[in-house]
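Novice: Please find one structure pasted underneath; my questions will follow.
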Protein chains: 2
Amino acid sequence: MTDTQSPQITRDLYLEDVTVGDRFVSGEHALDAEQIKTFAAQYDPQPFHLDEAAGAQSLFGGLAASGWHTAAITMKLFVASMPFAEGLIGAGVEVTWPKPTRADDVLHVESTVQEIKHSRSRPGRGIVTVETLTLNQDGEIRQRLVSRMVMFSRPEG
Amino acid sequence: MTDTQSPQITRDLYLEDVTVGDRFVSGEHALDAEQIKTFAAQYDPQPFHLDEAAGAQSLFGGLAASGWHTAAITMKLFVASMPFAEGLIGAGVEVTWPKPTRADDVLHVESTVQEIKHSRSRPGRGIVTVETLTLNQDGEIRQRLVSRMVMFSRPEG
C-alpha cells in the first residue's frame with residue numbers, strides 16, 4: 001500500500017477551536033487494481049469490482065472500486081488530517097459517489113467544517129458537520145461525504 | 001473470518017420484479033476483536049478501535065468496531081442476500097450507527113424496499129431505495145443504512 005501521510009499532526013482541537021469554513025487537506029493514497037480486488041473479495045464481491053472485463057461490460061465501463069473501499073480509504077486520510085482532540089466519532093453520514101474510483105487514482109481528501117451545534121442537553125459536547133470530498137490526481141470528485149461528528153469541549157483546569 | 005452465507009441465490013430480480021415492502025434477510029457474520037483491530041489498523045486507526053483499554057476510556061466504553069467496518073460487513077451480507085440481476089450499484093447512501101458494534105456481535109442484515117422510481121430520462125432504468133438494518137444476535141441495531149440503488153429493466157427478447 002503506497003500512501004503519503006500528512007506530517008504528524010497534533011491532535012488538539014476541541015469544540016471551541018473549530019469555526020465554520022475551517023479546511024483540512026490530507027496526504028495521498030495511491031490505489032491500484034490489486035487493492036481494489038482485495039477489498040472487493042472480502043467485502044463487496046461483485047464482478048465489476050473484481051475483474052477488468054466484467055467491469056468493462058458493466059455500467060462502470062471498467063474496473064471500479066467498491067464505494068465502501070473509497071469510503072474506507074477516505075476514513076484513513078480523514079483520520080490522518082483532522083486533528084480533533086478526542087478522535088473522529090461519527091453519529092451519521094451521507095455518502096454519494098458521483099464517479100467510480102479507478103485503479104490508477106491517487107486519492108486525497110479535503111474537509112470543510114459546515115456547521116457547529118453545541119448540545120443543550122449535554123453541556124461540553126457538540127455536533128460538528130464536516131463535508132469531506134475525496135478527489136483524484138486530476139481534481140475529479142470520487143466521493144462526497146457529509147459527516148456529523150461528536151466533538152468535546154476543552155477540559156477545564 | 002467466520003460467517004454463514006445464505007444459500008446461493010439466483011440473481012434474477014429486475015426493476016419490474018421488486019415491490020415496495022419486499023424484504024430480504026441475510027446470513028450471519030461473527031465478528032471478533034482481531035477483525036476489528038485489523039480493519040481499524042488499515043482504515044481507521046483510532047485508539048478506541050484498536051485497543052480494549054483505550055476503548056473503555058472513550059465515549060464507546062469498550063472496544064468498538066469502526067463504523068466503516070460495520071458498513072463493509074453489511075455490504076458483504078447485503079450482496080449475498082439481495083438478488084438484483086445486475087448487482088448492487090449504489091448512487092448514494094445515508095448511514096447512522098445508533099450503538100457501537102462489539103467484538104462478540106454476530107451480525108446479519110435485513111433489507112426492505114422503501115421506494116421505486118422509474119427514470120423518465122433513461123427508460124429501462126430506475127432508482128430503488130432500500131433500508132438495510134444491521135442487527136446483532138440480540139436484535140440490537142448496530143447500523144441503519146438507506147441506499148439509493150440503480151436497477152435495470154428486464155432485457156427484452
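Labels for the C-alpha cells follow display order: chains A, B, ..., residues from 1 in each chain, ligands from 1.
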Identify, on the basis of only C-alpha atoms, every residue whose closest approach to Thr74 of chain A does not exceed 9 Å; exclude the query and any residue fewer than 5 positions from it along the same chain; express the result as a CSV table (one decimal) with C-alpha atoms, in the first residue's frame.
Specialist:
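part.csv, written as the output of this step:
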chain,number,residue,atom,x,y,z
A,69,HIS,CA,-13.5,0.8,-0.3
A,79,VAL,CA,-8.2,10.4,10.5
A,107,LEU,CA,-6.7,10.0,-3.8
A,108,HIS,CA,-6.7,12.7,-1.2
A,109,VAL,CA,-9.4,14.3,0.9
A,132,THR,CA,-15.2,15.6,3.0
A,133,LEU,CA,-14.5,15.4,-0.7
A,134,THR,CA,-12.4,12.6,-2.0
A,143,GLN,CA,-16.9,10.7,-3.2
A,145,LEU,CA,-19.1,12.5,2.4
B,43,TYR,CA,-8.5,2.2,7.5
Novice: Please report as a PDB file with N, CA, C and O atoms, in the first residue's frame which residues of chain A come no farther than 6 Å from chain B, using only C-alpha atoms.
Specialist:
ATOM      1  N   TYR A  43     -15.294  -7.808   0.986  1.00  0.00           N
ATOM      2  CA  TYR A  43     -16.475  -7.072   1.445  1.00  0.00           C
ATOM      3  C   TYR A  43     -17.528  -6.756   0.380  1.00  0.00           C
ATOM      4  O   TYR A  43     -18.644  -6.375   0.727  1.00  0.00           O
ATOM      5  N   ASP A  44     -17.173  -6.819  -0.887  1.00  0.00           N
ATOM      6  CA  ASP A  44     -18.134  -6.413  -1.923  1.00  0.00           C
ATOM      7  C   ASP A  44     -17.844  -7.197  -3.202  1.00  0.00           C
ATOM      8  O   ASP A  44     -17.455  -6.639  -4.227  1.00  0.00           O
ATOM      9  N   ALA A  72     -13.555   3.693   2.962  1.00  0.00           N
ATOM     10  CA  ALA A  72     -12.569   3.257   3.948  1.00  0.00           C
ATOM     11  C   ALA A  72     -11.243   4.006   3.763  1.00  0.00           C
ATOM     12  O   ALA A  72     -10.617   4.450   4.741  1.00  0.00           O
ATOM     13  N   LYS A  76      -9.253   6.696   6.307  1.00  0.00           N
ATOM     14  CA  LYS A  76      -7.832   6.668   6.668  1.00  0.00           C
ATOM     15  C   LYS A  76      -7.208   8.057   6.481  1.00  0.00           C
ATOM     16  O   LYS A  76      -6.464   8.543   7.349  1.00  0.00           O
ATOM     17  N   GLY A  92     -23.487  10.049  12.211  1.00  0.00           N
ATOM     18  CA  GLY A  92     -24.193   9.675  10.990  1.00  0.00           C
ATOM     19  C   GLY A  92     -23.535  10.331   9.798  1.00  0.00           C
ATOM     20  O   GLY A  92     -22.851  11.352   9.949  1.00  0.00           O
ATOM     21  N   VAL A  93     -23.721   9.740   8.631  1.00  0.00           N
ATOM     22  CA  VAL A  93     -23.084  10.261   7.419  1.00  0.00           C
ATOM     23  C   VAL A  93     -24.024  10.140   6.227  1.00  0.00           C
ATOM     24  O   VAL A  93     -24.948   9.331   6.220  1.00  0.00           O
ATOM     25  N   GLU A  94     -23.749  10.978   5.228  1.00  0.00           N
ATOM     26  CA  GLU A  94     -24.342  10.807   3.898  1.00  0.00           C
ATOM     27  C   GLU A  94     -23.193  10.671   2.920  1.00  0.00           C
ATOM     28  O   GLU A  94     -22.204  11.402   3.014  1.00  0.00           O
ATOM     29  N   VAL A  95     -23.314   9.728   1.999  1.00  0.00           N
ATOM     30  CA  VAL A  95     -22.244   9.491   1.033  1.00  0.00           C
ATOM     31  C   VAL A  95     -22.831   9.402  -0.367  1.00  0.00           C
ATOM     32  O   VAL A  95     -23.848   8.728  -0.572  1.00  0.00           O
ATOM     33  N   THR A  96     -22.204  10.080  -1.324  1.00  0.00           N
ATOM     34  CA  THR A  96     -22.517   9.859  -2.735  1.00  0.00           C
ATOM     35  C   THR A  96     -21.220   9.606  -3.488  1.00  0.00           C
ATOM     36  O   THR A  96     -20.146  10.063  -3.082  1.00  0.00           O
TER      37      THR A  96
END
Novice: Could you tell me which of A:Thr19, A:Ser153, A:Thr101, A:Thr38 comes closest to Ser119 of chain A if we count only C-alpha atoms?
Specialist: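 Under the stated criterion, the closest residue is A:Ser153.
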Novice: From a DSSP pass on the backbone, collect the residues of segment 103-156 of chain B flagged as strand (DSSP E) and hand them back as a VMD selection string.
Specialist: chain B and resid 106 to 118 125 to 135 141 to 152
Novice: Quick one, how far is atom CA of Met82 of chain B from atom CA of Met151 of chain B?
Specialist: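 Distance reported for this atom pair: 11.9 Å.
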